Amino acid sequence: MEQELWSRSCRALRQRLESLQRAGVGQCVRPPERLAAKQALRVPVETVAEAALLEKRQDAASTHAVGDVSGGSSAGGLGKRQDAASTHAVGSPAAGGSTGREAGVSQPVPLSRPAALDALRQEVACCLRCPALSASRTQTVFGVGDPQARLAFFGEAPGADEDRLGEPFVGAAGKLLDRILAACGLRRDEVYILNVLKCRPPDNRTPGPEEIANCRPFFERQLQILQPEFLCCLGATAAQALLRTTQPLGRLRGRFFDHQGSQVLVTYHPAYLLRSPDKKRETWEDMKMLLSAMGRPIPEPRQR
Ligand code: SF4
């Protein structure tokens with residue numbers, strides 16, 4: 001058991017370092033508290049193997065400051081809503097300490113939006129924070145779409161089809177979402193689609209509070225990177241998780257909320273619409289409100 005855990009940790013670390021290398025990160029930075037204890041430590045990453053060996057000699061708990069999930073949504077070094085041309089810093093010194101320049105360590109490495117997403121995707125791929133979900137998943141389901149999209153859709157969690165294919169909203173509910181997008185005059189590749197959880201809950205059960213808390217740093221950082229102008233929550237679970245509320249969906253529809261500068265609208269989950277088609281009319285009202293706020297034309301019924 002211990003051996004298996006060790007192997008998984010090593011594999012996770014290797015994947016993470018490979019991802020950082022691909023993103024152009026040449027050095028890993030120690031958090032300031034370790035620097036104070038061990039003096040300024042500059043770790044050149046010549047090869048992934050060398051880095052893995054180095055890491056093996058040090059305790060596994062002291063993860064690098066680069067992209068540390070435990071840092072929460074705001075400690076990942078990613079600025080709050082920058083313009084589309086801006087880059088995303090990975091490898092910034094841990095919050096609360098001296099700057100990298102003061103400590104004599106490397107400065108944050110700027111990443112483009114796709115590269116920052118890719119680095120986060122790799123981090124998610126080796127996440128073991130939910131033991132049951134990580135053990136039962138086929139793969140993690142990160143997100144799909146245009147990294148520069150003005151509009152993102154935020155769902156609940158992968159289902160069986162998504163778990164198999166590694167892409168959100170590809171089953172029956174996904175096909176309905178595609179039809180909703182088409183009715184709005186949008187294509188799937190013009191928006192971005194992500195979920196609260198990146199792993200499938202067994203039997204498609206509703207995600208538990210602990211699982212949502214575990215995955216929160218991932219989706220919050222994903223949204224910080226994407227900076228969508230508009231965010232459409234699909235279903236109560238997604239809306240309540242994002243807005244940190246227990247209000248029912250009926251009380252959340254019909255108005256915009258703010259989340260990190262994104263305008264958030266709540267509507268029904270397509271899976272619910274498959275079971276309750278009478279709610280499609282209300283969903284269309286929500287979509288019209290969204291299109292209107294985006295300044296987009298609202299297609300006539302015959303065009304939809
Ligand atoms: S659901 Fe999220 S936090 Fe839990 S194991 Fe999967 S990626 Fe990690």
# chains A, B, ... in the order shown; residues from 1 in each chain; ligands from 1
$ closest_atom_pairs --of "chain A" --to "ligand 1" --cutoff "9 Å" --atoms "only C-alpha atoms and all ligand atoms" --output "CSV"
residue,atom,partner,partner_atom_place_in_ligand_line,distance
A:Glu123,CA,ligand 1,7 (S),8.5
A:Val124,CA,ligand 1,7 (S),5.0
A:Ala125,CA,ligand 1,7 (S),6.8
A:Cys126,CA,ligand 1,7 (S),7.6
A:Cys127,CA,ligand 1,8 (Fe),4.3
A:Leu128,CA,ligand 1,5 (S),4.6
A:Arg129,CA,ligand 1,5 (S),4.5
A:Cys130,CA,ligand 1,5 (S),4.1
A:Pro131,CA,ligand 1,5 (S),6.5
A:Ala132,CA,ligand 1,5 (S),7.8
A:Leu133,CA,ligand 1,5 (S),5.6
A:Ser134,CA,ligand 1,5 (S),4.7
A:Ala135,CA,ligand 1,5 (S),8.4
A:Arg137,CA,ligand 1,6 (Fe),8.2
A:Gln139,CA,ligand 1,6 (Fe),9.0
A:Thr140,CA,ligand 1,7 (S),6.4
A:Val141,CA,ligand 1,7 (S),8.2
A:Phe142,CA,ligand 1,7 (S),8.3
A:Ala157,CA,ligand 1,1 (S),8.3
A:Val196,CA,ligand 1,2 (Fe),8.0
A:Leu197,CA,ligand 1,1 (S),4.6
A:Lys198,CA,ligand 1,7 (S),4.7
A:Cys199,CA,ligand 1,6 (Fe),4.3
A:Arg200,CA,ligand 1,1 (S),7.3
A:Pro201,CA,ligand 1,1 (S),8.1
A:Pro207,CA,ligand 1,1 (S),8.7
A:Glu210,CA,ligand 1,4 (Fe),8.8
A:Glu211,CA,ligand 1,4 (Fe),5.5
A:Ile212,CA,ligand 1,1 (S),7.3
A:Ala213,CA,ligand 1,3 (S),7.6
A:Asn214,CA,ligand 1,3 (S),4.3
A:Cys215,CA,ligand 1,3 (S),3.7
A:Arg216,CA,ligand 1,3 (S),7.4
A:Pro217,CA,ligand 1,3 (S),8.2
A:Phe218,CA,ligand 1,2 (Fe),7.1
A:Phe219,CA,ligand 1,2 (Fe),8.6
$ select_by_dssp --residues "segment 209-250 of chain A" --states "alpha helix (DSSP H)" --output "list in words"
Pro209, Glu210, Glu211, Ile212, Ala213, Asn214, Cys215, Arg216, Pro217, Phe218, Phe219, Glu220, Arg221, Gln222, Leu223, Gln224, Ile225, Leu226, Ala236, Thr237, Ala238, Ala239, Gln240, Ala241, Leu242, Leu243, Leu249 and Gly250 of chain A
$ write_last_selection --atoms "C-alpha atoms" --output "short mmCIF file (atom, residue, chain, number, x, y, z; two decimals), in the first residue's frame"
data_model
loop_
_atom_site.label_atom_id
_atom_site.label_comp_id
_atom_site.auth_asym_id
_atom_site.auth_seq_id
_atom_site.Cartn_x
_atom_site.Cartn_y
_atom_site.Cartn_z
CA PRO A 209 -19.23 19.28 0.07
CA GLU A 210 -15.78 17.91 0.79
CA GLU A 211 -15.24 16.99 -2.86
CA ILE A 212 -16.33 20.46 -3.95
CA ALA A 213 -13.96 22.00 -1.41
CA ASN A 214 -11.14 19.78 -2.66
CA CYS A 215 -11.69 20.78 -6.28
CA ARG A 216 -12.45 24.46 -5.61
CA PRO A 217 -8.83 25.64 -5.97
CA PHE A 218 -8.76 24.04 -9.42
CA PHE A 219 -11.93 25.55 -10.82
CA GLU A 220 -11.23 28.92 -9.23
CA ARG A 221 -7.78 29.04 -10.82
CA GLN A 222 -9.18 27.81 -14.11
CA LEU A 223 -11.63 30.71 -14.07
CA GLN A 224 -8.91 33.14 -13.08
CA ILE A 225 -6.94 32.07 -16.12
CA LEU A 226 -9.96 32.14 -18.46
CA ALA A 236 -27.97 24.24 -8.64
CA THR A 237 -24.77 22.41 -7.69
CA ALA A 238 -22.60 24.53 -9.97
CA ALA A 239 -24.34 27.77 -8.98
CA GLN A 240 -24.21 27.08 -5.26
CA ALA A 241 -20.57 26.01 -5.42
CA LEU A 242 -19.49 29.07 -7.40
CA LEU A 243 -21.54 31.60 -5.48
CA LEU A 249 -31.89 27.46 -8.19
CA GLY A 250 -35.30 29.12 -8.49
#
$ closest_residue --among "A:His269, A:Lys288, A:Arg113, A:Lys279" --to "Phe169 of chain A" --atoms "only C-alpha atoms"
A:His269
$ residues_around --residues "Glu229 of chain A" --least-positions-apart "2" --cutoff "10 Å" --atoms "only C-alpha atoms" --output "list in words"
Arg81, Gln148, Ala149, Arg150, Leu151, Ala152, Leu226, Gln227, Leu231, His259, Gln260, Gly261, Ser262, Gln263, Val264 and Met294 of chain A
$ residues_around --residues "Gly143 of chain A" --least-positions-apart "3" --cutoff "10 Å" --atoms "only C-alpha atoms" --output "short mmCIF file (atom, residue, chain, number, x, y, z; two decimals) with C-alpha atoms, in the first residue's frame"
data_model
loop_
_atom_site.label_atom_id
_atom_site.label_comp_id
_atom_site.auth_asym_id
_atom_site.auth_seq_id
_atom_site.Cartn_x
_atom_site.Cartn_y
_atom_site.Cartn_z
CA LEU A 117 -4.40 26.13 -18.64
CA ARG A 121 -4.61 20.55 -16.57
CA THR A 140 -9.83 13.64 -15.09
CA ASP A 146 -11.72 28.56 -26.53
CA PRO A 147 -9.36 29.86 -23.81
CA PHE A 153 -20.48 27.29 -19.05
CA PHE A 154 -19.99 25.81 -15.62
CA GLY A 166 -12.11 13.06 -21.04
CA GLU A 167 -14.32 15.93 -22.22
CA PRO A 168 -17.19 17.66 -20.42
CA PHE A 169 -20.76 17.53 -21.75
CA TYR A 192 -15.45 27.30 -22.81
CA ILE A 193 -17.02 24.45 -20.81
CA LEU A 194 -15.88 23.24 -17.41
CA ASN A 195 -17.25 21.53 -14.33
CA LYS A 198 -12.88 17.11 -12.49
CA PHE A 219 -11.93 25.55 -10.82
CA GLN A 222 -9.18 27.81 -14.11
#
$ atom_distance --atom1 "atom CA of Arg244 of chain A" --atom2 "atom CA of Val266 of chain A"
13.2 Å
$ atom_distance --atom1 "atom CA of Leu265 of chain A" --atom2 "atom CA of Cys232 of chain A"
4.9 Å
$ decode --residues "segment 170-243 of chain A" --atoms "C-alpha atoms" --output "mmCIF file, in the first residue's frame"
data_model
loop_
_atom_site.group_PDB
_atom_site.id
_atom_site.type_symbol
_atom_site.label_atom_id
_atom_site.label_comp_id
_atom_site.auth_asym_id
_atom_site.auth_seq_id
_atom_site.Cartn_x
_atom_site.Cartn_y
_atom_site.Cartn_z
ATOM 1 C CA VAL A 170 -20.400 14.867 -24.416
ATOM 2 C CA GLY A 171 -23.317 12.594 -23.419
ATOM 3 C CA ALA A 172 -27.027 13.167 -23.887
ATOM 4 C CA ALA A 173 -26.939 16.295 -21.722
ATOM 5 C CA GLY A 174 -23.999 17.556 -23.763
ATOM 6 C CA LYS A 175 -25.914 17.132 -26.997
ATOM 7 C CA LEU A 176 -28.738 19.183 -25.531
ATOM 8 C CA LEU A 177 -26.234 21.838 -24.480
ATOM 9 C CA ASP A 178 -24.968 21.900 -28.080
ATOM 10 C CA ARG A 179 -28.551 22.487 -29.253
ATOM 11 C CA ILE A 180 -28.993 25.287 -26.724
ATOM 12 C CA LEU A 181 -25.771 26.859 -27.983
ATOM 13 C CA ALA A 182 -26.926 26.513 -31.585
ATOM 14 C CA ALA A 183 -30.231 28.170 -30.673
ATOM 15 C CA CYS A 184 -28.185 31.051 -29.289
ATOM 16 C CA GLY A 185 -26.182 31.297 -32.510
ATOM 17 C CA LEU A 186 -23.081 29.934 -30.786
ATOM 18 C CA ARG A 187 -20.804 27.015 -31.494
ATOM 19 C CA ARG A 188 -19.248 24.787 -28.869
ATOM 20 C CA ASP A 189 -15.740 25.857 -29.870
ATOM 21 C CA GLU A 190 -16.651 29.518 -29.344
ATOM 22 C CA VAL A 191 -17.261 29.050 -25.619
ATOM 23 C CA TYR A 192 -15.447 27.296 -22.812
ATOM 24 C CA ILE A 193 -17.024 24.453 -20.812
ATOM 25 C CA LEU A 194 -15.876 23.244 -17.409
ATOM 26 C CA ASN A 195 -17.245 21.528 -14.328
ATOM 27 C CA VAL A 196 -17.031 21.952 -10.569
ATOM 28 C CA LEU A 197 -15.498 18.481 -10.160
ATOM 29 C CA LYS A 198 -12.877 17.111 -12.493
ATOM 30 C CA CYS A 199 -13.564 13.483 -11.568
ATOM 31 C CA ARG A 200 -16.745 11.471 -12.010
ATOM 32 C CA PRO A 201 -18.701 10.743 -8.829
ATOM 33 C CA PRO A 202 -19.732 7.060 -8.874
ATOM 34 C CA ASP A 203 -23.264 6.502 -10.202
ATOM 35 C CA ASN A 204 -23.396 10.179 -11.118
ATOM 36 C CA ARG A 205 -24.309 11.116 -7.561
ATOM 37 C CA THR A 206 -24.275 14.768 -6.525
ATOM 38 C CA PRO A 207 -20.782 15.917 -5.484
ATOM 39 C CA GLY A 208 -20.263 16.077 -1.736
ATOM 40 C CA PRO A 209 -19.232 19.283 0.073
ATOM 41 C CA GLU A 210 -15.782 17.911 0.787
ATOM 42 C CA GLU A 211 -15.243 16.990 -2.860
ATOM 43 C CA ILE A 212 -16.326 20.459 -3.948
ATOM 44 C CA ALA A 213 -13.961 21.997 -1.406
ATOM 45 C CA ASN A 214 -11.139 19.784 -2.664
ATOM 46 C CA CYS A 215 -11.693 20.783 -6.277
ATOM 47 C CA ARG A 216 -12.447 24.458 -5.611
ATOM 48 C CA PRO A 217 -8.827 25.644 -5.971
ATOM 49 C CA PHE A 218 -8.755 24.038 -9.416
ATOM 50 C CA PHE A 219 -11.927 25.554 -10.824
ATOM 51 C CA GLU A 220 -11.235 28.922 -9.229
ATOM 52 C CA ARG A 221 -7.784 29.044 -10.817
ATOM 53 C CA GLN A 222 -9.184 27.811 -14.113
ATOM 54 C CA LEU A 223 -11.632 30.707 -14.068
ATOM 55 C CA GLN A 224 -8.912 33.144 -13.075
ATOM 56 C CA ILE A 225 -6.942 32.071 -16.123
ATOM 57 C CA LEU A 226 -9.962 32.137 -18.456
ATOM 58 C CA GLN A 227 -11.382 35.434 -17.182
ATOM 59 C CA PRO A 228 -14.676 34.954 -19.010
ATOM 60 C CA GLU A 229 -16.809 38.052 -19.232
ATOM 61 C CA PHE A 230 -19.886 35.897 -18.748
ATOM 62 C CA LEU A 231 -20.316 32.677 -16.842
ATOM 63 C CA CYS A 232 -23.420 30.530 -17.101
ATOM 64 C CA CYS A 233 -23.934 28.101 -14.224
ATOM 65 C CA LEU A 234 -25.762 24.961 -15.280
ATOM 66 C CA GLY A 235 -27.779 23.640 -12.359
ATOM 67 C CA ALA A 236 -27.967 24.239 -8.640
ATOM 68 C CA THR A 237 -24.772 22.407 -7.689
ATOM 69 C CA ALA A 238 -22.599 24.531 -9.968
ATOM 70 C CA ALA A 239 -24.342 27.773 -8.979
ATOM 71 C CA GLN A 240 -24.212 27.077 -5.255
ATOM 72 C CA ALA A 241 -20.568 26.009 -5.423
ATOM 73 C CA LEU A 242 -19.495 29.071 -7.402
ATOM 74 C CA LEU A 243 -21.543 31.600 -5.483
#
